[in-house]
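Asks: Let me give you the structure first, and then I'll get to my questions.
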Amino acid sequence: SDWRLFHCLGRAASLGLYEAVDGLLWDAADQLDLFDDGSSDRTWTIMGELAATRPWLRPIKNERNRGPGYCYRTGIGAATKTYFMAQTVDWAYDIDAFKPHFEELRRVDILQGVRPGEFSISTLRNRSDSFYKGIVSLTNYTLIRVLYRLPFDDFQNVTICPTRLAQPLHLKSEGSFTNPEVMMKLYWSGASFLQVPVLFQKRGRGKGTGTRVGAIVESIGDILGNWVRWVVLGAY
């Protein structure tokens, strides 16, 4: 059985939560935790309407915007299923790409989504919503790969991980660095990974917020500050 965390902020009208939520489960035994991260529109009301007829959906409300890192940590701590995955509600990856690889979880611990193809300037438009966002993504990836010396081809993708391995982790990140933090701490603890090609899907609706100036500054602060603490000082 699989547990999923999805994070949304003020996106009920633009994303069509009714349509989005119903396409998220692979199995009736799955559970979906949907975070309303301090929205000011009708998101919470719509989430309540959805949950009334969907017993597998658990809506969770933050009274103020706490960011994806907080939702990620809270969600992992509350997870009750064997495996978990996390993504924003306007998810930009084709998660059905994991289905042919589920049997591999008999021999590896974690399935890690990676955008296929070379990560270079010439392919940026196919790996993000715009060239600018692609530059931000490439810079983020390069910093993490070089500073932390991790053997992964992507850090901002979907991770399918045993809940029992993730719940003991002491996660510190507040923003977009949370998923890379989960990956690196699992890798450092000896967990095995299989990288799975998962195509990026340009958003038809909604708007990504991870490339706003504040989010970029927060992410770089997380990357550099935690590199000093965890790699230089060894205090992870």
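For the structure tokens, the naming scheme is as follows: chains receive sequential letters (A, B, ...) according to their order of presentation, residues are indexed from 1 within each chain, and ligands are indexed from 1 in presentation order.
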Using only C-alpha atoms, determine which residues lie at most 6 Å from segment 57-73 of chain A, disregarding the query and same-chain residues fewer than 5 positions distant; provide the list as JSON, numbers by chain.

Replies: {"A": [32, 33, 34, 35, 36, 37, 38, 51, 173, 174, 175, 178]}

Asks: As an exercise, work out the distance from atom CA of Arg164 of chain A to atom CA of Asp109 of chain A in Å and give it to one decimal place.

Replies: 10.6 Å

Asks: Counting only C-alpha atoms, figure out which residue out of A:Phe102, A:Phe200, A:Tyr148, A:Phe193 gets nearest to Pro180 of chain A.

Replies: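 Smallest separation from Pro180 of chain A among the options: A:Tyr148.
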
Asks: Nearest to Thr142 of chain A: which of A:Arg106, A:Trp56, A:Asn226, A:Ile220 is it, counting only C-alpha atoms?

Replies: A:Ile220

Asks: Hey, what does DSSP flag as helix (DSSP H, G or I) within segment 28-232 of chain A? Can you give it to me as a PyMOL selection string?

Replies: chain A and resi 43-52+67-78+95-106+121-127+131-148+163-166+178-188+213-232

Asks: Ranking A:Lys133, A:Lys81, A:Arg229, A:Arg115 by minimum distance to Asp153 of chain A and counting only C-alpha atoms, which one comes first?

Replies: A:Arg115

Asks: Quick check for you: according to DSSP on this backbone, which residues of segment 26-111 of chain A are classed as strand (DSSP E)? Reply as a list in words.

Replies: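 DSSP-assigned strand (DSSP E) residues in segment 26-111 of chain A: Gln31, Leu32, Asp33, Leu34, Phe35, Asp36, Asp37, Leu57, Arg58, Pro59, Ile60, Lys61, Asn62, Tyr83, Phe84, Met85, Ala86, Gln87, Thr88, Ile110 and Leu111 of chain A.
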